[in-house]
Amino acid sequence: MKIDAQLGSLYPHLAADMARRMEAMGFDAVWSFEAGHDPFLPLMAAATATKRLHIGTNIAVAFGRSPFATAQAAWDLQQASGGRFHLGLGTQVRAHIERRYGMPFDHPAARLTDYVRCLRAIFDNFQNGTKPDYQGPFYRFVLSNAAFNPGPIEHPHIPIYLAGVNPRMCRAAGEVGDGFHVHPMHSIAYLRDVVRPAVDEGARMAGKTVDDLDLHASVFAVLGETPAERIASERQIREQVAFYASTPSYRALLSHHGFEDLGKQLSQTMRAGEIDKMAAMVPDALLAEVAISTDHSKLGGLLRQRYDGLVERIAPYYPIPDDDPIEKWAAVVKGFEAGA
């Protein structure tokens, strides 16, 4: 199992230094995400600033850009990093794709499956000069010439990870992906009983099993060396859990633990604009299922113990603060490795 981290500094001129610090901490990979910044630009800075650290997107919004645009960015990052890039893709939700990106969202799992197949056809064209001849139900790649082909690179296989929560997207990842980003809104029981079986079901359609994919989990961690720090961290985690639980996409997880009505209650509270009340609505029992509560000295060992045999990669959900000492997180990594 590998231990990774989230890249918090997403401006490229800051990402380089943060990636160097994470490499010094001993992390195996660093992941960017798509929110207020483009997810690819900071990774180019990270790629050229490090030598060992793997880099990846967790996630880039697939439907916000064409397969060809994504392929170009991924190809350049793979070349610049010497084969250390992982392409993580997700769908986002309908409202944001249609109303923020102005792009279509219909049949998201089937659309994302087609997207990945189209990407691989483009990669084949880049590396081998194969004739553009991909025509899927949602995407086509049937036109190119030498001016638009960046040419072959030393490490042409770019691992593609898909992200999701519900079984349909898990099956899609198993079928066409090399890895799967387990959503931070998960529990060990949901990961074991729902996610892994669904990924395995999709994988078997392609002659694989779930064990042939890299599963990466981002984990909520309530952290603090003092009671005051722990209280502040728990409040932050409760707010994030409440936000996720208020949207229908996460109802399956809530139902798995007997909290069927909580999602609807949180949705109503969100619509009423009473956001400040939502964190307190998260039951302690749910928080215990979806988060680890500890201090930094024990975090690495607990992550290893809790997820061993379930995933291949693990990372704390929140980015490491830019001013946290290298030694503090190097100890987390050592604790993780000592638990092997």
# chains A, B, ... in the order shown; residues from 1 in each chain; ligands from 1
call {"tool": "select_by_dssp", "arguments": {"residues": "segment 95-143 of chain A", "states": "strand (DSSP E)", "output": "ChimeraX atom specification"}}
result
/A:134-135,140-141
call {"tool": "write_last_selection", "arguments": {"atoms": "N, CA and C atoms", "output": "PDB file, in the first residue's frame"}}
result
ATOM      1  N   TYR A 134     -11.965   6.244 -34.001  1.00  0.00           N
ATOM      2  CA  TYR A 134     -12.817   5.895 -32.864  1.00  0.00           C
ATOM      3  C   TYR A 134     -14.158   6.591 -33.005  1.00  0.00           C
ATOM      4  N   GLN A 135     -15.234   5.803 -32.989  1.00  0.00           N
ATOM      5  CA  GLN A 135     -16.583   6.349 -33.052  1.00  0.00           C
ATOM      6  C   GLN A 135     -17.432   5.651 -32.002  1.00  0.00           C
ATOM      7  N   ARG A 140     -16.195  11.037 -30.615  1.00  0.00           N
ATOM      8  CA  ARG A 140     -15.523  10.565 -31.830  1.00  0.00           C
ATOM      9  C   ARG A 140     -14.105  11.119 -31.884  1.00  0.00           C
ATOM     10  N   PHE A 141     -13.211  10.312 -32.463  1.00  0.00           N
ATOM     11  CA  PHE A 141     -11.868  10.780 -32.796  1.00  0.00           C
ATOM     12  C   PHE A 141     -11.544  10.198 -34.163  1.00  0.00           C
TER      13      PHE A 141
END
call {"tool": "residues_around", "arguments": {"residues": "Ala46 of chain A", "least_positions_apart": "4", "cutoff": "8 Å", "atoms": "only C-alpha atoms", "output": "PyMOL selection string"}}
result
chain A and resi 15-20+42+50+55
call {"tool": "residues_around", "arguments": {"residues": "Met1 of chain A", "least_positions_apart": "2", "cutoff": "8 Å", "atoms": "only C-alpha atoms", "output": "list in words"}}
result
Ile3, Arg304, Asp308, Val311, Glu312, Arg313 and Ile314 of chain A
call {"tool": "closest_residue", "arguments": {"among": "A:Ile122, A:Ile326, A:Val182, A:Val116", "to": "Ser144 of chain A", "atoms": "only C-alpha atoms"}}
result
A:Ile122
call {"tool": "residues_around", "arguments": {"residues": "Lys51 of chain A", "least_positions_apart": "2", "cutoff": "12 Å", "atoms": "only C-alpha atoms", "output": "list in words"}}
result
Ala16, Ala19, Arg20, Met22, Glu23, Ala24, Asp28, Ala29, Ala45, Ala46, Ala47, Thr48, Ala49, Leu53, His54, Ile55, Ala80, Ser81, Gly82, Gly83 and Arg84 of chain A
call {"tool": "residues_around", "arguments": {"residues": "Tyr101 of chain A", "least_positions_apart": "4", "cutoff": "9 Å", "atoms": "only C-alpha atoms", "output": "compact mmCIF listing (two decimals) with N, CA, C and O atoms, in the first residue's frame"}}
result
# COMPACT_ATOMS: atom_id res chain seq x y z
N PHE A 63 -16.22 15.74 -18.14
CA PHE A 63 -17.21 16.30 -19.05
C PHE A 63 -17.04 17.80 -19.28
O PHE A 63 -17.73 18.39 -20.11
N GLY A 64 -16.15 18.44 -18.53
CA GLY A 64 -15.90 19.85 -18.73
C GLY A 64 -14.93 20.14 -19.87
O GLY A 64 -14.70 21.29 -20.22
N ARG A 65 -14.34 19.07 -20.45
CA ARG A 65 -13.36 19.24 -21.53
C ARG A 65 -13.46 18.04 -22.47
O ARG A 65 -13.89 16.96 -22.07
N HIS A 96 -23.77 21.17 -12.22
CA HIS A 96 -22.52 21.88 -12.51
C HIS A 96 -22.06 21.66 -13.95
O HIS A 96 -21.54 22.58 -14.58
N ILE A 97 -22.25 20.45 -14.47
CA ILE A 97 -21.85 20.20 -15.85
C ILE A 97 -22.72 21.02 -16.82
O ILE A 97 -22.21 21.66 -17.74
call {"tool": "closest_residue", "arguments": {"among": "A:Tyr244, A:Val282, A:Leu191, A:Arg230", "to": "Arg306 of chain A", "atoms": "only C-alpha atoms"}}
result
A:Leu191
call {"tool": "residues_around", "arguments": {"residues": "Gly300 of chain A", "least_positions_apart": "6", "cutoff": "9 Å", "atoms": "only C-alpha atoms", "output": "count of residues only"}}
result
10
call {"tool": "atom_distance", "arguments": {"atom1": "atom CA of Gly301 of chain A", "atom2": "atom CA of Ala315 of chain A"}}
result
12.6 Å
call {"tool": "select_by_dssp", "arguments": {"residues": "segment 35-240 of chain A", "states": "alpha helix (DSSP H)", "output": "VMD selection string"}}
result
chain A and resid 41 to 49 67 to 81 94 to 99 108 to 128 167 to 176 188 to 190 196 to 205 227 to 240
call {"tool": "closest_residue", "arguments": {"among": "A:Ile275, A:Asn166, A:Val30, A:Gly102", "to": "Pro248 of chain A", "atoms": "only C-alpha atoms"}}
result
A:Asn166
call {"tool": "closest_residue", "arguments": {"among": "A:Ala173, A:Val142, A:Val222, A:Ala109", "to": "Tyr318 of chain A", "atoms": "only C-alpha atoms"}}
result
A:Val222
